[in-house]
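Reproduced below: model.txt, with compact mmCIF, C-alpha atoms.
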```
# COMPACT_ATOMS: atom_id res chain seq x y z
CA SER N 1 0.00 0.00 0.00
CA LEU N 2 0.99 3.62 -0.48
CA GLN N 3 0.53 6.36 2.06
CA PHE N 4 1.44 9.97 1.43
CA SER N 5 0.63 13.44 2.68
CA VAL N 6 0.35 16.69 0.77
CA THR N 7 1.19 20.05 2.29
CA LEU N 8 -0.82 22.78 0.65
CA SER N 9 0.86 25.94 -0.50
CA GLN N 10 -0.21 29.15 1.22
CA ALA N 11 -2.22 30.17 -1.84
CA ALA N 12 -3.97 26.79 -2.04
CA TYR N 13 -4.66 26.80 1.70
CA ASP N 14 -6.11 30.31 1.44
CA ASN N 15 -8.31 29.18 -1.44
CA VAL N 16 -9.69 26.33 0.66
CA LEU N 17 -10.33 28.54 3.69
CA SER N 18 -11.89 31.23 1.48
CA SER N 19 -14.44 28.81 0.07
CA ALA N 20 -17.99 28.92 1.33
CA VAL N 21 -18.19 25.11 1.61
CA LEU N 22 -14.92 23.36 0.72
CA GLY N 23 -13.18 21.97 3.77
CA LEU N 24 -15.99 22.77 6.19
CA SER N 25 -16.91 19.12 6.78
CA ALA N 26 -16.37 15.63 5.42
CA ASN N 27 -19.61 16.01 3.47
CA THR N 28 -18.31 19.03 1.55
CA THR N 29 -14.74 17.83 1.02
CA ALA N 30 -13.57 15.22 -1.48
CA LEU N 31 -10.27 14.35 -3.11
CA ALA N 32 -9.70 13.87 -6.84
CA LEU N 33 -6.51 12.49 -8.41
CA ASP N 34 -5.74 12.11 -12.09
CA ASN N 35 -3.91 9.06 -13.40
CA ASN N 36 -0.60 10.89 -13.67
CA PHE N 37 -0.46 11.85 -10.01
CA VAL N 38 1.57 8.77 -9.00
CA THR N 39 3.10 5.69 -10.67
CA ASP N 40 4.36 2.35 -9.33
CA VAL N 41 7.88 0.99 -9.65
CA ALA N 42 7.09 -1.81 -12.07
CA GLN N 43 9.78 -2.82 -14.60
CA PRO N 44 10.49 -2.32 -17.40
CA SER N 45 7.90 0.55 -17.36
CA ALA N 46 5.93 2.11 -14.52
CA ASN N 47 2.17 1.85 -14.33
CA SER N 48 0.01 4.87 -13.52
CA PHE N 49 -2.56 4.54 -10.80
CA ALA N 50 -6.16 4.79 -11.89
CA ALA N 51 -7.72 8.21 -11.62
CA LEU N 52 -9.83 8.95 -8.55
CA THR N 53 -12.79 11.29 -8.33
CA ALA N 54 -14.69 12.39 -5.27
CA LEU N 55 -12.85 10.33 -2.68
CA VAL N 56 -14.53 11.19 0.64
CA PRO N 57 -12.18 11.38 3.68
CA THR N 58 -12.57 8.70 6.34
CA THR N 59 -11.57 11.18 9.03
CA PHE N 60 -11.98 14.95 9.07
CA ALA N 61 -10.49 17.50 11.48
CA GLY N 62 -12.05 20.94 11.23
CA ASP N 63 -10.30 24.27 11.60
CA GLU N 64 -9.99 25.11 15.29
CA VAL N 65 -6.93 27.35 15.00
CA PRO N 66 -7.53 30.95 16.18
CA VAL N 67 -6.75 33.77 13.77
CA GLU N 68 -3.72 35.98 14.38
CA LEU N 69 -3.15 39.61 13.47
CA LEU N 70 0.25 39.64 11.74
CA THR N 71 2.99 42.26 11.96
CA ASN N 72 2.92 43.35 8.32
CA ALA N 73 0.43 46.21 8.65
CA ARG N 74 0.73 49.37 6.55
CA LEU N 75 -0.66 52.78 7.52
CA ASP N 76 -1.05 55.32 4.71
CA LEU N 77 -1.41 58.80 6.18
CA SER N 78 -2.08 60.51 2.86
CA ASN N 79 -5.20 58.42 2.21
CA GLY N 80 -6.19 57.49 5.75
CA ILE N 81 -5.92 53.78 4.91
CA LEU N 82 -4.81 51.02 7.28
CA ASN N 83 -4.07 47.65 5.63
CA VAL N 84 -3.60 44.61 7.85
CA GLU N 85 -2.82 40.94 7.29
CA PHE N 86 -4.31 37.98 9.14
CA SER N 87 -2.77 34.53 9.47
CA GLU N 88 -5.64 33.06 7.47
CA PRO N 89 -8.72 34.24 5.54
CA VAL N 90 -11.37 36.01 7.60
CA GLU N 91 -15.01 36.74 6.87
CA LEU N 92 -15.68 40.37 5.99
CA ASP N 93 -19.06 40.50 7.72
CA SER N 94 -17.41 39.36 10.97
CA ILE N 95 -14.99 42.28 11.17
CA SER N 96 -15.60 44.77 13.97
CA PRO N 97 -13.44 47.87 13.36
CA SER N 98 -13.95 49.15 16.90
CA ALA N 99 -12.00 46.13 18.16
CA LEU N 100 -8.84 47.46 16.48
CA MET N 101 -6.69 50.10 18.19
CA ILE N 102 -3.81 52.32 17.09
CA GLN N 103 -1.34 53.60 19.68
CA GLY N 104 1.98 55.41 19.68
CA SER N 105 4.07 52.94 21.66
CA ALA N 106 4.36 49.19 22.14
CA SER N 107 3.46 49.23 25.81
CA LEU N 108 0.58 51.02 27.51
CA PRO N 109 -1.32 50.20 30.72
CA SER N 110 -3.76 47.33 30.26
CA SER N 111 -6.66 49.26 31.79
CA ALA N 112 -7.92 52.80 31.50
CA GLY N 113 -6.16 55.21 33.78
CA VAL N 114 -3.19 57.52 33.82
CA GLY N 115 -1.36 57.25 30.51
CA LEU N 116 -4.23 55.55 28.65
CA VAL N 117 -6.93 57.76 27.17
CA GLU N 118 -8.99 55.82 24.68
CA TRP N 119 -10.79 57.44 21.75
CA ARG N 120 -14.18 55.93 20.94
CA GLY N 121 -15.49 58.52 18.50
CA ASP N 122 -16.80 60.72 21.30
CA THR N 123 -16.24 64.37 22.17
CA LEU N 124 -12.97 63.75 23.95
CA GLU N 125 -10.27 66.33 23.26
CA PRO N 126 -8.17 64.73 20.46
CA THR N 127 -4.86 66.04 21.80
CA GLU N 128 -5.29 63.91 24.94
CA VAL N 129 -5.85 60.59 23.17
CA THR N 130 -3.21 57.88 23.60
CA VAL N 131 -5.19 54.98 22.10
CA LEU N 132 -7.31 55.37 18.95
CA ARG N 133 -10.05 52.75 18.81
CA LEU N 134 -11.42 52.78 15.27
CA SER N 135 -15.01 53.87 14.77
CA GLU N 136 -17.43 51.03 14.12
CA ASN N 137 -18.64 52.72 10.89
CA THR N 138 -15.15 52.45 9.36
CA THR N 139 -15.35 51.16 5.79
CA VAL N 140 -13.76 47.70 5.52
CA VAL N 141 -12.96 45.72 2.36
CA TYR N 142 -10.62 42.98 1.24
CA THR N 143 -7.47 44.19 -0.45
CA GLU N 144 -5.08 42.39 -2.80
CA ASP N 145 -1.91 43.29 -0.93
CA LEU N 146 -0.70 45.48 1.89
CA SER N 147 0.71 48.20 -0.40
CA ASP N 148 -2.71 48.85 -1.94
CA ALA N 149 -3.67 52.47 -1.16
CA THR N 150 -6.77 52.52 -3.37
CA ARG N 151 -9.89 53.82 -1.72
CA PRO N 152 -11.99 50.90 -0.39
CA ASN N 153 -14.89 51.59 -2.76
CA THR N 154 -12.75 50.28 -5.64
CA ALA N 155 -13.25 46.61 -6.56
CA ARG N 156 -10.34 44.23 -5.94
CA PRO N 157 -11.10 40.92 -7.64
CA ASN N 158 -7.89 39.10 -6.66
CA HIS N 159 -8.07 39.30 -2.88
CA SER N 160 -7.46 36.22 -0.71
CA LYS N 161 -9.48 37.29 2.36
CA ARG N 162 -6.27 37.54 4.41
CA TYR N 163 -5.61 41.18 3.59
CA VAL N 164 -8.11 43.70 4.91
CA SER N 165 -8.23 47.45 4.29
CA PHE N 166 -9.73 49.93 6.77
CA GLU N 167 -10.65 53.39 5.49
CA LEU N 168 -10.49 55.55 8.59
CA VAL N 169 -13.38 57.95 9.10
CA ARG N 170 -12.48 61.62 9.27
CA ALA N 171 -12.96 61.91 13.02
CA ASP N 172 -10.44 59.11 13.54
CA VAL N 173 -7.95 60.56 11.04
CA ARG N 174 -8.15 63.88 12.86
CA VAL N 175 -7.30 62.25 16.19
CA LEU N 176 -4.51 60.22 14.61
CA LYS N 177 -2.87 63.32 13.12
CA VAL N 178 -3.52 65.77 15.96
CA SER N 179 -2.73 63.71 19.05
CA PRO N 180 0.92 64.05 20.07
CA PHE N 181 0.77 60.55 21.57
CA LEU N 182 -0.20 58.55 18.47
CA LEU N 183 2.32 59.67 15.84
CA SER N 184 5.36 61.79 16.56
CA ASP N 185 5.41 63.18 13.01
CA ALA N 186 4.29 62.35 9.47
CA THR N 187 6.44 59.21 9.45
CA GLY N 188 6.23 58.34 13.14
CA SER N 189 5.91 54.87 14.59
CA ALA N 190 2.52 53.28 15.18
CA PHE N 191 1.43 50.12 16.99
CA LEU N 192 -1.69 47.95 16.86
CA ALA N 193 -3.68 46.24 19.58
CA CYS N 194 -6.95 44.39 19.18
CA ASP N 195 -9.75 42.56 20.96
CA SER N 196 -10.74 39.01 20.05
CA GLU N 197 -13.90 40.34 18.37
CA LEU N 198 -11.87 41.98 15.59
CA ALA N 199 -12.62 39.19 13.11
CA GLN N 200 -13.51 35.54 12.67
CA ASP N 201 -12.60 32.94 10.11
CA ARG N 202 -15.37 30.97 8.41
CA SER N 203 -15.29 28.36 11.20
CA GLY N 204 -16.03 31.01 13.83
CA ASN N 205 -12.53 31.14 15.32
CA ASP N 206 -11.78 34.54 16.87
CA VAL N 207 -8.63 36.60 16.60
CA VAL N 208 -5.98 36.16 19.27
CA PRO N 209 -6.23 39.41 21.26
CA VAL N 210 -3.27 41.78 21.31
CA ALA N 211 -3.11 43.81 24.52
CA SER N 212 -2.20 47.49 24.59
CA ALA N 213 0.55 46.52 27.00
CA SER N 214 2.24 44.48 24.25
CA ALA N 215 1.12 45.99 20.95
CA ILE N 216 2.62 45.00 17.61
CA ALA N 217 4.44 47.53 15.44
CA VAL N 218 2.98 48.73 12.15
CA ALA N 219 5.57 47.62 9.60
CA THR N 220 5.18 50.63 7.31
CA VAL N 221 3.90 54.14 7.97
CA ALA N 222 3.63 55.93 4.63
CA PRO N 223 4.06 59.68 5.22
CA ASP N 224 1.39 62.24 4.46
CA THR N 225 2.57 63.97 1.29
CA ALA N 226 -0.84 64.97 -0.09
CA SER N 227 -1.87 68.62 -0.21
CA PRO N 228 -5.24 69.44 1.37
CA ARG N 229 -8.06 70.71 -0.82
CA LEU N 230 -10.72 73.29 -0.10
CA GLU N 231 -14.08 71.51 -0.37
CA ALA N 232 -16.62 74.16 0.62
CA ALA N 233 -17.14 77.57 2.19
CA ARG N 234 -19.93 79.43 3.96
CA LEU N 235 -20.20 83.20 4.43
CA ASP N 236 -22.00 84.69 7.43
CA LEU N 237 -22.34 88.46 7.15
CA ASP N 238 -24.47 88.61 10.30
CA GLN N 239 -21.59 87.39 12.45
CA GLY N 240 -18.77 88.49 10.15
CA LEU N 241 -17.44 84.96 9.61
CA LEU N 242 -16.11 82.98 6.67
CA HIS N 243 -16.15 79.21 7.29
CA LEU N 244 -13.72 77.10 5.25
CA PHE N 245 -13.95 73.30 4.91
CA PHE N 246 -11.07 71.09 3.77
CA ASP N 247 -10.59 67.42 2.91
CA ASP N 248 -7.71 67.02 5.37
CA VAL N 249 -6.75 68.15 8.85
CA VAL N 250 -5.37 71.69 8.56
CA ALA N 251 -3.27 73.59 11.07
CA LEU N 252 -5.23 76.59 12.30
CA ASN N 253 -2.06 78.61 12.81
CA SER N 254 -1.32 78.24 9.09
CA ILE N 255 -4.52 79.93 7.88
CA THR N 256 -3.63 83.16 6.06
CA PRO N 257 -6.67 85.39 5.38
CA ALA N 258 -4.70 87.60 2.96
CA ALA N 259 -4.39 84.58 0.63
CA VAL N 260 -8.19 84.25 0.45
CA SER N 261 -10.31 86.30 -1.98
CA LEU N 262 -14.01 86.66 -2.72
CA GLN N 263 -15.32 87.45 -6.19
CA SER N 264 -18.74 87.96 -7.80
CA THR N 265 -18.25 85.53 -10.72
CA GLN N 266 -16.77 82.07 -10.94
CA ALA N 267 -14.30 83.14 -13.60
CA SER N 268 -12.80 86.52 -12.77
CA GLN N 269 -13.07 89.06 -15.59
CA ALA N 270 -11.28 92.39 -15.50
CA GLY N 271 -13.67 95.32 -15.33
CA SER N 272 -16.80 93.33 -14.53
CA THR N 273 -15.99 91.00 -11.61
CA VAL N 274 -16.22 92.52 -8.14
CA THR N 275 -13.42 91.25 -5.91
CA PHE N 276 -12.55 91.40 -2.23
CA GLN N 277 -9.36 90.53 -0.38
CA PHE N 278 -8.74 90.63 3.36
CA THR N 279 -6.52 93.54 4.35
CA ASP N 280 -7.62 94.49 7.88
CA ALA N 281 -4.97 93.70 10.46
CA ASP N 282 -7.78 92.86 12.89
CA THR N 283 -9.06 90.05 10.68
CA SER N 284 -8.17 86.83 12.46
CA VAL N 285 -8.67 83.07 12.59
CA LEU N 286 -10.90 81.59 15.29
CA VAL N 287 -8.60 79.39 17.37
CA GLN N 288 -9.58 79.76 21.01
CA GLY N 289 -10.56 76.38 22.44
CA ILE N 290 -10.44 74.74 19.00
CA THR N 291 -8.09 71.95 17.90
CA ASP N 292 -6.81 71.62 14.34
CA GLY N 293 -9.39 69.95 12.14
CA TYR N 294 -11.13 69.85 8.79
CA SER N 295 -12.49 73.38 9.04
CA ALA N 296 -11.33 76.87 9.88
CA THR N 297 -13.19 80.12 10.52
CA ILE N 298 -11.94 83.55 9.51
CA VAL N 299 -13.28 86.40 11.67
CA PHE N 300 -13.64 89.64 9.72
CA GLY N 301 -12.00 92.75 11.07
CA ALA N 302 -14.35 95.75 11.23
CA SER N 303 -12.99 97.55 8.16
CA ASP N 304 -13.00 94.37 6.04
CA LEU N 305 -16.58 93.59 7.03
CA ASN N 306 -17.81 97.14 6.41
CA LEU N 307 -16.12 97.18 3.01
CA LEU N 308 -17.80 93.96 1.98
CA LYS N 309 -21.22 95.08 3.26
CA ALA N 310 -21.34 98.66 2.13
CA LYS N 311 -19.04 99.31 -0.82
CA LEU N 312 -18.87 96.20 -2.96
CA ASP N 313 -22.18 96.12 -4.83
CA GLY N 314 -22.97 92.84 -6.56
CA LEU N 315 -20.82 90.69 -4.26
CA ALA N 316 -21.78 88.47 -1.32
CA LEU N 317 -25.53 88.89 -1.72
CA SER N 318 -26.20 85.20 -2.36
CA PRO N 319 -24.26 82.08 -3.42
CA SER N 320 -24.91 82.99 -7.07
CA ASN N 321 -22.58 85.98 -6.80
CA THR N 322 -20.15 84.75 -4.15
CA PHE N 323 -17.12 82.69 -5.14
CA LEU N 324 -13.87 81.97 -3.37
CA SER N 325 -10.31 81.73 -4.65
CA ILE N 326 -7.19 80.93 -2.64
CA THR N 327 -3.46 80.66 -3.18
CA THR N 328 -1.25 77.89 -1.81
CA LEU N 329 -0.40 80.21 1.09
CA ALA N 330 -3.95 80.08 2.43
CA ALA N 331 -3.46 76.96 4.58
CA GLU N 332 -1.31 73.93 5.36
CA ASP N 333 -2.18 70.55 6.76
CA VAL N 334 -0.70 69.53 10.10
CA TYR N 335 2.37 68.10 8.33
CA GLY N 336 3.13 71.28 6.40
CA ASN N 337 1.69 70.32 3.00
CA PRO N 338 0.33 73.51 1.34
CA VAL N 339 -3.29 73.66 0.22
CA VAL N 340 -4.11 73.21 -3.44
CA ALA N 341 -4.77 76.63 -4.98
CA VAL N 342 -8.24 77.54 -6.22
CA PRO N 343 -7.54 80.03 -9.03
CA ALA N 344 -9.66 83.10 -9.73
CA SER N 345 -10.35 81.65 -13.20
CA SER N 346 -12.37 78.79 -11.65
CA ALA N 347 -13.33 79.92 -8.16
CA LEU N 348 -15.32 77.84 -5.69
CA GLN N 349 -18.94 78.85 -5.16
CA VAL N 350 -19.86 79.24 -1.49
CA SER N 351 -22.58 76.89 -0.29
CA SER N 352 -24.49 79.60 1.58
CA VAL N 353 -24.53 83.31 2.38
CA GLN N 354 -26.12 84.47 5.61
CA PRO N 355 -27.17 88.08 4.91
CA ASP N 356 -26.72 90.91 7.38
CA THR N 357 -29.99 91.04 9.38
CA THR N 358 -28.60 92.86 12.40
CA ALA N 359 -29.96 96.39 12.72
CA GLY N 360 -27.39 99.09 13.29
CA PHE N 361 -27.57 101.45 16.25
CA LEU N 362 -26.18 104.83 17.11
CA VAL N 363 -22.97 104.57 19.07
CA GLU N 364 -22.39 108.25 19.88
CA PHE N 365 -23.21 111.75 18.71
CA GLY N 366 -22.10 115.29 19.35
CA PHE N 367 -23.28 118.84 18.64
```

Let's see the structure in the file written out as structure tokens.
Amino acid sequence: SLQFSVTLSQAAYDNVLSSAVLGLSANTTALALDNNFVTDVAQPSANSFAALTALVPTTFAGDEVPVELLTNARLDLSNGILNVEFSEPVELDSISPSALMIQGSASLPSSAGVGLVEWRGDTLEPTEVTVLRLSENTTVVYTEDLSDATRPNTARPNHSKRYVSFELVRADVRVLKVSPFLLSDATGSAFLACDSELAQDRSGNDVVPVASASAIAVATVAPDTASPRLEAARLDLDQGLLHLFFDDVVALNSITPAAVSLQSTQASQAGSTVTFQFTDADTSVLVQGITDGYSATIVFGASDLNLLKAKLDGLALSPSNTFLSITTLAAEDVYGNPVVAVPASSALQVSSVQPDTTAGFLVEFGF
């Protein structure tokens, strides 16, 4: 008789464990061999064994091995993408993003207390956070490899279920970039911890938990080299405020009002377009009690506000005649990347204009 064993390659093993039925039980697993798989030692010529189809195993041992989070993770700060690798395929619908944590060092206390301030998507001050627990509404998809920085809404047909991509929500990205305890700079170190509920394989085996006291290092932290973009703006003439909204976390101390202009048409035309640029030294950026984030508010100085209200006819009456242009000096993200310019030839229309409804009053008089 002949006895032999076959060790599956990693790819073959992943294919089995990625199947919805293959390898789940003896009833869904059979072996097939063609007649060239093995030959005897007969002389003068060897004889091939007869082909086998659907040979059912006499014994079957199911998968009882817990899943492990491996050390090959990649964090892409430009795109807010965290790619991780598991020791075997996991089921996408079993993944619980809030069971995965990012921290700035390999060892933190194992329970909440001094030195461990955990972010759970609440109103906690981001600069105090030492452990970022991902929000449960984080987008999760399979990815083909750890270097994939494509946004998760892009199809990846060649995944093996071992590589998983997390697209961090904006609130989490803000904490990650603002907290001095999570990343020291744009290429700083990062570490991962997780609860057992992070994921399951198809047999229901949980992930081996990784405690915050012994976190695993993220293998690659790709620096943030992307320039932020201005997404929207709102003008409030009642309060004298211009609200700016970006697609990345901007440093409030980098906002430069003089690099921001308002104009009455989307494409500026000499002689017909009414324009406004901040010049008042009292114009400022609202920073008190506010941490760097995706928005910034410019507070008009008195002379700038009066000029816009009283002397510039045809501008800032409604969104239809209020457009915004900026230079690259207008803002930077928290890693010093300058904002993408919005030229006067294709300015951004503000989403709303709050008109001046506040009645004036006499301040003083003399005779």

For Leu183 in chain N, please output as number ranges by chain all residues within 12 Å (counting only C-alpha atoms; exclusion window: fewer than 4 positions along the same chain).
N: 75, 77, 102-105, 127, 129-132, 173-179, 187-191, 218, 221-224, 334-335

Report as number ranges by chain all protein, DNA and RNA residues lying within 10 Å of Ala26 in chain N, evaluated on all atoms listed in the file, omitting residues in the same chain fewer than 4 positions from it.
N: 22, 30, 56-62

Sphere at (-1.7, 46.6, 24.0), radius 6 Å, counting only C-alpha atoms: residues as JSON, numbers by chain
{"N": [193, 210, 211, 212, 213, 214, 215]}

Please identify all polymer residues lying at most 6 Å from the point (-7.6, 84.9, 9.5) (file coordinates), using only C-alpha atoms, and present the result as an mmCIF file with C-alpha atoms, in the frame of the given file.
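Final output, saved to out-v1.cif:
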```cif
data_model
loop_
_atom_site.group_PDB
_atom_site.id
_atom_site.type_symbol
_atom_site.label_atom_id
_atom_site.label_comp_id
_atom_site.auth_asym_id
_atom_site.auth_seq_id
_atom_site.Cartn_x
_atom_site.Cartn_y
_atom_site.Cartn_z
ATOM 1 C CA THR N 256 -3.630 83.160 6.060
ATOM 2 C CA PRO N 257 -6.670 85.390 5.380
ATOM 3 C CA THR N 283 -9.060 90.050 10.680
ATOM 4 C CA SER N 284 -8.170 86.830 12.460
ATOM 5 C CA VAL N 285 -8.670 83.070 12.590
ATOM 6 C CA ILE N 298 -11.940 83.550 9.510
#
```

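For the residues N:Thr357, N:Thr279, N:Asn83, N:Ser325, ranking by smallest atom-to-atom distance to Gln266 in chain N using all atoms listed in the file places N:Ser325 first.
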
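Atom pair CA of Glu118 in chain N / CA of Glu68 in chain N has a distance of 23.0 Å (rounded to one decimal).
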
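Of the residues under consideration (N:Leu198, N:Leu317, N:Val140, N:Val353), N:Val140 shows the shortest atom-to-atom contact distance to Val169 in chain N when counting only C-alpha atoms.
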
Find the spatial neighbours of Val249 in chain N, counting all atoms listed in the file, within a cut-off of 12 Å - ignore same-chain residues fewer than 4 positions away - and output them as a PyMOL selection string.
chain N and resi 77-80+170-179+224+226-230+244-245+254+291-296+331-339
